[in-house]
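**Q** One structure follows; several queries about it will come next.
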Amino acid sequence: MCLSNFVAPQNSITFPFEFGDIYNEDHFISTLDGYVKVVKELPEALMEKHNYNISNITNIRVQAWAPVSYYLGVVYPILQSEGVVRIAPFANRLAMSVPPHIQYLRCLTNYKALRFSSSISMLAKKLVNRMIEKSSRSDGKYIAVHLRFEEDMIAFSCCIYDGGKAEKLEMESAREKGWRGKFKRKDRIILPNLNRVEGKCPLTPLEVGMMLRGMGFDNNTSIYLASGKIYHAERYLTPLKMMFPNLYTKESLATSDELAPFMGYSSQLAALDYTVCLFSEVFVTTQGGNFPHFLMGHRRFIYDGHSKTINPDKRKLVLLLDDVDISWRTLKEEMEDMLSESDRKGIMVPRVRKINRKTSIYMYPLPECRCLQQSMADQIDQIRNSE
């Protein structure tokens, strides 16, 4: 049952400056109106009380996955007495198992209130339409691959690829630039080979291509590649392009003038990728993280639980790819089995008894969010009719 008449305490939420660069603030505020009062700026009286310095506001370090009782017993009294509180860090601060009326607010926020800004939405819709046009051989259907083969991702994983001196120096430089001395601490043991067999290394474009070919996707398949700047793209991306010539990115689908306002803003560029991936026939995730997890959940939501997502068993995959004696026939059989298992898991809906949820509602939004669902056909029609 949708608890649409539930009214949350009329407390205030403020946006970081960047929120409006990515999301439609007015839509967010109006959607949550009646549940939570959202303001763009703190009232003058509160700012004056804290000497116009946000850092003077009481900051509460909430433990990860805190229960509702913690917010009611610890956070809320401070909010009542001071009028404002800060919570940092902010991600993963609330437990997955919460009362239905709070779960409803999660659903309302995720699938109704959060909408990309008009500038992002307009270009994203154009990219989706262009991808559909490029995929005319397959009735407008395409697959989207989230490839995490950027320099910083490789550096953070501490994995080895070509093993050469140049790569070693580049990775050491990237780690020092991004994380300073974190990877040089005496207690930090780096074992690249172990990372590899445990499935922690980013897949190369070639490995992704081998996997997809083994799963039955031929060279007529249209692929949208969602990614940042690929590490040594000319060398590593060429094999994937040879296997799948109908390979597109936001850079190849949009003009330089269209992309110019977003260049240098990674979150906005990611929002463009997110939208094109959202409406793909198949979504392929290769590394994990918030982007694919939220995307998998969003696709389950709009597909009524039946999203087509390829989430490979990387531990098994790397063992197969590293086996120099394996035949193509055997590899293909293994890839087909992996695809079947991924399909099976893709349509699973976790059992939720009362409020005892252990899985992420962001990855598995059903059944709680079903009352807000829109059909895939409705959303595709909105995009196709937007231009």
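Every chain in the structure tokens takes a letter, A first, then B, and so on in the order presented; its residues are numbered from 1, and the ligands are numbered from 1 following the presented order.
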So that I can check the secondary structure, give me every residue of region 234-324 of chain A assigned strand (DSSP E or B) by backbone DSSP, as JSON, numbers by chain.
**A** {"A": [247, 248, 282, 283, 284, 285, 309, 310]}
**Q** Could you take the residues named above and write them with C-alpha atoms, as a PDB file, in the first residue's frame?
**A**
ATOM      1  CA  LEU A 247      30.596   0.905 -30.941  1.00  0.00           C
ATOM      2  CA  TYR A 248      29.480   4.351 -29.779  1.00  0.00           C
ATOM      3  CA  VAL A 282      20.995  -5.030 -22.089  1.00  0.00           C
ATOM      4  CA  PHE A 283      23.225  -3.422 -19.481  1.00  0.00           C
ATOM      5  CA  VAL A 284      26.694  -4.872 -18.849  1.00  0.00           C
ATOM      6  CA  THR A 285      28.489  -4.044 -15.615  1.00  0.00           C
ATOM      7  CA  THR A 309      21.689  -7.088 -16.905  1.00  0.00           C
ATOM      8  CA  ILE A 310      24.945  -8.964 -17.446  1.00  0.00           C
TER       9      ILE A 310
END
**Q** With a distance cut-off of 6 Å and only C-alpha atoms, select the neighbouring residues of region 219-222 of chain A, excluding the residue or stretch itself and same-chain residues fewer than 6 positions from it, and output the selection as an MDAnalysis selection string.
**A** chainID A and resid 135 142 243:244 246
**Q** From the set A:Val84, A:Leu32, A:Gly289, A:Gln373, which residue has the shortest atom-to-atom contact distance to Ile54 (chain A), counting only C-alpha atoms?
**A**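 Checking each of A:Val84, A:Leu32, A:Gly289, A:Gln373 against Ile54 (chain A), counting only C-alpha atoms, the winner is A:Val84.
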**Q** Please list as a PyMOL selection string every residue within 12 Å of Ser227 (chain A), counting only C-alpha atoms and excluding residues in the same chain fewer than 5 positions away.
**A** chain A and resi 144-151+153+205+233+237+248-251+266-267+269-274+276-277+285-287+291-292
**Q** Between A:Lys308, A:Lys358, A:Pro43, A:Val85, which is the closest to Asn56 (chain A) once you count only C-alpha atoms?
**A**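 Closest to Asn56 (chain A), using only C-alpha atoms: A:Val85.
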**Q** Using Å and a single decimal, report how far CA of Ala155 (chain A) sits from CA of Lys177 (chain A).
**A**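 Answer for the CA of Lys177 (chain A) to CA of Ala155 (chain A) separation: 10.4 Å.
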**Q** Determine, counting only C-alpha atoms, which protein, DNA and RNA residues have an atom within 7 Å of an atom of Phe301 (chain A); residues of the same chain fewer than 4 positions away are not included. Present the result as a ChimeraX atom specification.
**A** /A:297,305,365-366,373
**Q** Any chance you could export the current selection's N, CA and C atoms as a PDB file, in the first residue's frame?
**A**
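Everything below was put into again-v7.pdb:
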ATOM      1  N   GLY A 297      19.226  -1.212 -10.203  1.00  0.00           N
ATOM      2  CA  GLY A 297      17.967  -1.061  -9.484  1.00  0.00           C
ATOM      3  C   GLY A 297      16.945  -0.256 -10.265  1.00  0.00           C
ATOM      4  N   GLY A 305      10.964  -5.455 -12.631  1.00  0.00           N
ATOM      5  CA  GLY A 305      11.758  -6.527 -12.047  1.00  0.00           C
ATOM      6  C   GLY A 305      12.494  -7.387 -13.043  1.00  0.00           C
ATOM      7  N   PRO A 365      14.557  -2.526  -5.883  1.00  0.00           N
ATOM      8  CA  PRO A 365      13.528  -1.600  -5.411  1.00  0.00           C
ATOM      9  C   PRO A 365      12.144  -2.217  -5.217  1.00  0.00           C
ATOM     10  N   LEU A 366      11.951  -3.417  -5.727  1.00  0.00           N
ATOM     11  CA  LEU A 366      10.647  -4.064  -5.569  1.00  0.00           C
ATOM     12  C   LEU A 366      10.709  -5.008  -4.370  1.00  0.00           C
ATOM     13  N   GLN A 373       5.675   2.751  -9.933  1.00  0.00           N
ATOM     14  CA  GLN A 373       6.249   2.295 -11.194  1.00  0.00           C
ATOM     15  C   GLN A 373       5.638   2.939 -12.427  1.00  0.00           C
TER      16      GLN A 373
END
**Q** Which one of A:Glu167, A:Glu281, A:Glu234, A:Glu82 sits closest to Val128 (chain A) if you count only C-alpha atoms?
**A**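 Distance minimum relative to Val128 (chain A) lands on A:Glu281.
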**Q** Using DSSP on the backbone coordinates, identify all residues within region 40-97 of chain A classified as alpha helix (DSSP H); present the result as an NGL selection string.
**A** :A and (44-49 or 68-70 or 76-82)
**Q** Name the residues in contact with region 156-158 of chain A at a cut-off of 8 Å, using only C-alpha atoms, excluding same-chain residues fewer than 5 positions from it; report them as a CSV table (one decimal) with C-alpha atoms, in the first residue's frame.
**A**
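The file below, selection_7.csv, is the result:
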chain,number,residue,atom,x,y,z
A,175,ARG,CA,48.5,6.8,-6.9
A,190,ILE,CA,49.9,-5.0,-2.7
A,191,LEU,CA,49.4,-8.4,-4.4
A,192,PRO,CA,48.4,-7.8,-8.0
A,195,ASN,CA,43.7,-9.1,-6.8
A,200,LYS,CA,39.1,-7.2,-8.3
A,201,CYS,CA,40.9,-6.0,-11.4
A,202,PRO,CA,39.1,-3.9,-14.0
**Q** Choose the residue, out of A:Arg180, A:Lys40, A:Arg370, A:Arg196, that has the smallest atom-to-atom separation from His298 (chain A); count only C-alpha atoms.
**A**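 Looking at the shortest contact to His298 (chain A), the residue is A:Arg370.
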**Q** Considering only C-alpha atoms, state which residue in the set A:Asn59, A:Asn24, A:Ser97, A:Gln80 is at the smallest distance from Arg115 (chain A).
**A**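 Going through A:Asn59, A:Asn24, A:Ser97, A:Gln80 one by one, the smallest distance to Arg115 (chain A) is for A:Asn24.
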**Q** For the atom pair CA of Glu336 (chain A) and CA of Met215 (chain A), what is the interatomic distance in Å to one decimal place?
**A** 4.9 Å
